[in-house]
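K.L.:
Below is the structure I would like to discuss, written out as structure tokens.
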Amino acid sequence: MTDHNADSGSRISDETRSRRAPKPRKRRRGLKITLGVLLVLLLAGGGTVYWMYSQLDGNIKGVDINKALDEKDRPEKLPTTGQNLLVLGSDSRAGAENKELGGGGSVGGARSDTAMVVHIPEGRTEAVAVSIPRDTLVTRPECNKADGSKMPSAERVMFNSVYSQVGPACVVKTVEKMSGVRIDHYLEINFAGFKDLVDAIGGVTVEVEEPIRDKASGLDLTAGSHKLNGTESLAYVRTRHGIGDGSDLGRIGLQQQFLLALLTEIKSQDLLGSPTTAYKIANSATKSLTTDEGLASLTSLTEFARSMNGVDPSSMETIMLPVAYDKQDPNRVVASEPRAGELWKAIRQDATIPESAKKSPATGG
């Protein structure tokens with residue numbers, strides 16, 4: 001996640017690795033993407049009486065992506081039953097709680113703090129999550145703004161700025177243009193939603209290998225075991241000044257570790273045996289959830305979750321889009337070809353991703 005100066009220059013950290021999950025010490029990228037998948041799985045976990053259903057259903061906000069985009073200008077759907085889900089972690093300062101959690105200050109609007117394309121192949125027994133670095137320079141296509149006017153196409157735009165400049169539909173269009181991959185669904189969660197989810201489950205225990213002292217976030221942890229509440233967890237996954245080389249990707253290891261700890265905590269709780277706890281978690285999650293219109297109801301989310309029952313989050317393969325340092329600005333990156341093209345091609349064809357497409361020339365400091 002990003003600090004409140006979202007567009008500040010930064011170096012990308014040193015190693016981009018892809019892993020399959022069987023070995024317990026292997027880390028996981030994509031905190032926010034798996035949180036998104038986790039949320040819908042939680043919603044599918046148990047029945048609720050009508051008033052609970054209505055409350056949760058009313059919490060979910062929808063964005064009509066299909067209406068905002070011209071169908072003839074979009075990639076074709078997968079020739080199989082595979083699905084592609086774009087999940088964003090928004091650093092929106094909208095509302096007092098989000099502003100406080102984001103560090104306050106004068107930063108306005110919102111950016112796509114974390115962005116991942118989750119590809120669920122035909123059969124839905126596995127998944128691949130592709131992380132798009134926020135500092136990637138992309139060509140933003142022409143997009144329609146909320147007031148009906150058009151935002152012209154622009155080159156060398158930082159990826160995470162598209163959200164604040166034009167909105168979620170343009171982020172979807174940008175991803176589709178850069179990848180050729182049809183995005184079937186969209187899911188977004190903000191600062192407050194992340195914090196409330198952690199608080200609802202009673203906190204998450206993490207093992208800190210080396211002391212973390214980040215003056216920017218106020219995070220100060222000694223080496224050892226720590227149970228973090230929602231606010232502390234948000235600082236933990238957002239910190240970058242207190243670890244590694246201080247780059248945006250230097251904190252990915254912490255996000256990977258936190259994801260595993262979060263899933264472990266969720267699995268240790270008897271949600272089916274405790275409707276009150278299940279409802280509390282689902283309510284806190286859905287209040288900060290925005291989806292495409294196709295998922296903007298509890299029924300739709302539940303059906304989508306059930307279709308993914310065979311996917312084990314612990315075996316999700318996580319890959320970062322192969323990137324190289326930009327020659328004009330080393331604090332930015334660009335998609336590395338032909339690796340990036342090979343990655344997107346495999347997803348378009350619902351095929352196995354080549355090992356060469358899982359490696360990035362950008363190595364960090």
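Here, A, B, ... name the chains of the structure tokens in the order displayed, residue numbers run from 1 inside each chain, and ligands are numbered from 1 in the same displayed order.
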Give me the residues near Val181 of chain A as an NGL selection string, where near means some atom within 12 Å (using only C-alpha atoms) and where sequence neighbours in that chain fewer than 5 positions away do not count.
P.N.:
:A and (74-79 or 82-86 or 117-119 or 130 or 172-176 or 341 or 343-350)
K.L.:
Using only C-alpha atoms, what table do you get, as a Markdown table, when you list each residue of segment 185-216 of chain A with an atom no more than 12 Å from segment 147-171 of chain A, its nearest pair of atoms, and their distance in Å rounded to one decimal, rows by chain then rising number?
P.N.:
| residue | atom | partner | partner_atom | distance |
| --- | --- | --- | --- | --- |
| A:His185 | CA | A:Ala169 | CA | 11.0 |
| A:Tyr186 | CA | A:Pro168 | CA | 8.6 |
| A:Leu187 | CA | A:Pro168 | CA | 9.7 |
| A:Glu188 | CA | A:Pro168 | CA | 9.0 |
K.L.:
Using DSSP on the backbone coordinates, identify the residues of segment 89-238 of chain A assigned to strand (DSSP E or B); present them as a VMD selection string.
P.N.:
chain A and resid 89 to 90 112 to 120 128 to 131 136 to 140 143 to 144 150 to 151 154 to 158 185 to 190 204 to 208 212 to 214 219 to 221 224 to 228
K.L.:
Would you kindly return, as a short mmCIF file (atom, residue, chain, number, x, y, z; two decimals) with all heavy atoms, in the first residue's frame, each protein, DNA or RNA residue with an atom no farther than 8 Å from any atom of Leu221 of chain A, considering only C-alpha atoms and excluding same-chain residues fewer than 2 positions away?
P.N.:
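Output file result-v5.cif is given in full below:
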data_model
loop_
_atom_site.label_atom_id
_atom_site.label_comp_id
_atom_site.auth_asym_id
_atom_site.auth_seq_id
_atom_site.Cartn_x
_atom_site.Cartn_y
_atom_site.Cartn_z
N VAL A 208 7.52 -11.03 13.55
CA VAL A 208 8.41 -10.00 13.01
C VAL A 208 9.85 -10.50 13.10
O VAL A 208 10.36 -10.74 14.20
CB VAL A 208 8.25 -8.67 13.77
CG1 VAL A 208 9.19 -7.62 13.20
CG2 VAL A 208 6.79 -8.20 13.69
N PRO A 211 13.37 -5.90 13.72
CA PRO A 211 12.63 -4.74 14.23
C PRO A 211 12.19 -3.81 13.10
O PRO A 211 12.92 -3.63 12.12
CB PRO A 211 13.65 -4.05 15.15
CG PRO A 211 14.60 -5.13 15.54
CD PRO A 211 14.70 -6.03 14.34
N ILE A 212 11.00 -3.24 13.25
CA ILE A 212 10.47 -2.30 12.27
C ILE A 212 10.19 -0.98 12.99
O ILE A 212 9.41 -0.93 13.93
CB ILE A 212 9.17 -2.81 11.62
CG1 ILE A 212 9.41 -4.14 10.91
CG2 ILE A 212 8.61 -1.78 10.66
CD1 ILE A 212 8.14 -4.77 10.36
N ARG A 213 10.84 0.07 12.54
CA ARG A 213 10.61 1.39 13.11
C ARG A 213 10.37 2.37 11.96
O ARG A 213 11.31 2.76 11.27
CB ARG A 213 11.79 1.83 13.97
CG ARG A 213 11.95 0.97 15.23
CD ARG A 213 13.12 1.43 16.10
NE ARG A 213 13.16 0.64 17.33
CZ ARG A 213 13.78 -0.52 17.43
NH1 ARG A 213 14.41 -1.04 16.37
NH2 ARG A 213 13.78 -1.19 18.57
N LEU A 219 4.73 3.05 13.21
CA LEU A 219 4.86 1.63 13.50
C LEU A 219 6.21 1.36 14.16
O LEU A 219 7.25 1.72 13.63
CB LEU A 219 4.72 0.81 12.22
CG LEU A 219 4.66 -0.71 12.38
CD1 LEU A 219 3.37 -1.12 13.09
CD2 LEU A 219 4.73 -1.40 11.02
N ALA A 223 11.49 -7.39 17.21
CA ALA A 223 11.47 -8.74 16.63
C ALA A 223 10.68 -9.65 17.57
O ALA A 223 10.77 -9.54 18.79
CB ALA A 223 12.89 -9.26 16.45
N HIS A 226 3.66 -10.49 17.52
CA HIS A 226 2.82 -9.35 17.85
C HIS A 226 1.41 -9.60 17.34
O HIS A 226 1.23 -10.01 16.19
CB HIS A 226 3.35 -8.07 17.21
CG HIS A 226 4.69 -7.64 17.72
ND1 HIS A 226 4.85 -6.79 18.79
CD2 HIS A 226 5.94 -7.97 17.31
CE1 HIS A 226 6.14 -6.59 19.01
NE2 HIS A 226 6.83 -7.31 18.13
#
K.L.:
Output as a Markdown table one row per residue of segment 117-165 of chain A within 9 Å of segment 316-320 of chain A: the closest atom pair and its distance in Å to one decimal place, counting only C-alpha atoms, sorted by chain and residue number ascending.
P.N.:
| residue | atom | partner | partner_atom | distance |
| --- | --- | --- | --- | --- |
| A:Glu126 | CA | A:Met316 | CA | 6.4 |
| A:Ala127 | CA | A:Met316 | CA | 5.2 |
| A:Val128 | CA | A:Glu317 | CA | 4.7 |
| A:Ala129 | CA | A:Thr318 | CA | 4.8 |
| A:Val130 | CA | A:Ile319 | CA | 4.9 |
| A:Ser131 | CA | A:Met320 | CA | 4.6 |
| A:Ile132 | CA | A:Met320 | CA | 6.4 |
| A:Pro133 | CA | A:Met320 | CA | 7.5 |
K.L.:
In Å to one decimal, how far is atom CA of Ile201 of chain A from atom CA of Thr277 of chain A?
P.N.:
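Between atom CA of Thr277 of chain A and atom CA of Ile201 of chain A the gap is 7.7 Å.
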K.L.:
Under the rule that only C-alpha atoms are counted, which of A:Thr276, A:Ser300, A:Ser179, A:Ser225 is the nearest residue to Glu337 of chain A?
P.N.:
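Looking only at the distances to Glu337 of chain A, the closest residue turns out to be A:Ser179.
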K.L.:
For Leu298 of chain A, work out the shell of residues within 8 Å, counting only C-alpha atoms and skipping chain neighbours fewer than 5 positions away, then give it as a list in words.
P.N.:
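Result of the neighbour search: Leu43, Tyr53, Leu56, Asp57 and Ile60 of chain A.
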K.L.:
Sorted by chain and rising residue number, which residues of segment 172-214 of chain A lie within 8 Å of segment 232-240 of chain A, and what are their closest atom pairs and distances in Å to one decimal, counting only C-alpha atoms, as a Markdown table?
P.N.:
| residue | atom | partner | partner_atom | distance |
| --- | --- | --- | --- | --- |
| A:Phe191 | CA | A:Leu234 | CA | 7.5 |
| A:Phe194 | CA | A:Leu234 | CA | 7.2 |
| A:Lys195 | CA | A:Leu234 | CA | 6.4 |
| A:Val198 | CA | A:Ser233 | CA | 7.5 |
| A:Val204 | CA | A:Ser233 | CA | 7.6 |
| A:Asp214 | CA | A:Thr239 | CA | 6.8 |
K.L.:
Would you output that residue set with N, CA and C atoms, as a PDB file, in the first residue's frame?
P.N.:
ATOM      1  N   PHE A 191      -9.296   1.806   2.954  1.00  0.00           N
ATOM      2  CA  PHE A 191      -8.584   1.732   4.227  1.00  0.00           C
ATOM      3  C   PHE A 191      -9.484   1.261   5.365  1.00  0.00           C
ATOM      4  N   PHE A 194     -10.445  -2.426   5.339  1.00  0.00           N
ATOM      5  CA  PHE A 194      -9.355  -3.310   5.757  1.00  0.00           C
ATOM      6  C   PHE A 194      -9.221  -3.303   7.277  1.00  0.00           C
ATOM      7  N   LYS A 195      -9.211  -2.123   7.863  1.00  0.00           N
ATOM      8  CA  LYS A 195      -9.087  -2.000   9.321  1.00  0.00           C
ATOM      9  C   LYS A 195     -10.238  -2.712  10.032  1.00  0.00           C
ATOM     10  N   VAL A 198     -10.044  -6.590  10.048  1.00  0.00           N
ATOM     11  CA  VAL A 198      -9.094  -7.131  11.028  1.00  0.00           C
ATOM     12  C   VAL A 198      -9.658  -7.012  12.441  1.00  0.00           C
ATOM     13  N   VAL A 204      -4.813  -9.863  14.245  1.00  0.00           N
ATOM     14  CA  VAL A 204      -4.010 -10.860  13.528  1.00  0.00           C
ATOM     15  C   VAL A 204      -2.606 -10.906  14.134  1.00  0.00           C
ATOM     16  N   ASP A 214       9.137   2.741  11.792  1.00  0.00           N
ATOM     17  CA  ASP A 214       8.734   3.622  10.698  1.00  0.00           C
ATOM     18  C   ASP A 214       8.142   4.891  11.298  1.00  0.00           C
TER      19      ASP A 214
END
K.L.:
To one decimal place, how far is atom CA of Gly294 of chain A from atom CA of Lys61 of chain A in Å?
P.N.:
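Atom-to-atom, atom CA of Gly294 of chain A to atom CA of Lys61 of chain A, that is 11.2 Å.
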K.L.:
Which residue gives the smallest distance to Arg182 of chain A among A:Ala261, A:Ser288, A:Leu228, A:Glu71, with only C-alpha atoms counted?
P.N.:
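Closest to Arg182 of chain A of all the choices is A:Glu71.
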K.L.:
Could you tell me how far atom CA of Ser356 of chain A sits from atom CA of Tyr325 of chain A, in Å to one decimal place?
P.N.:
17.9 Å
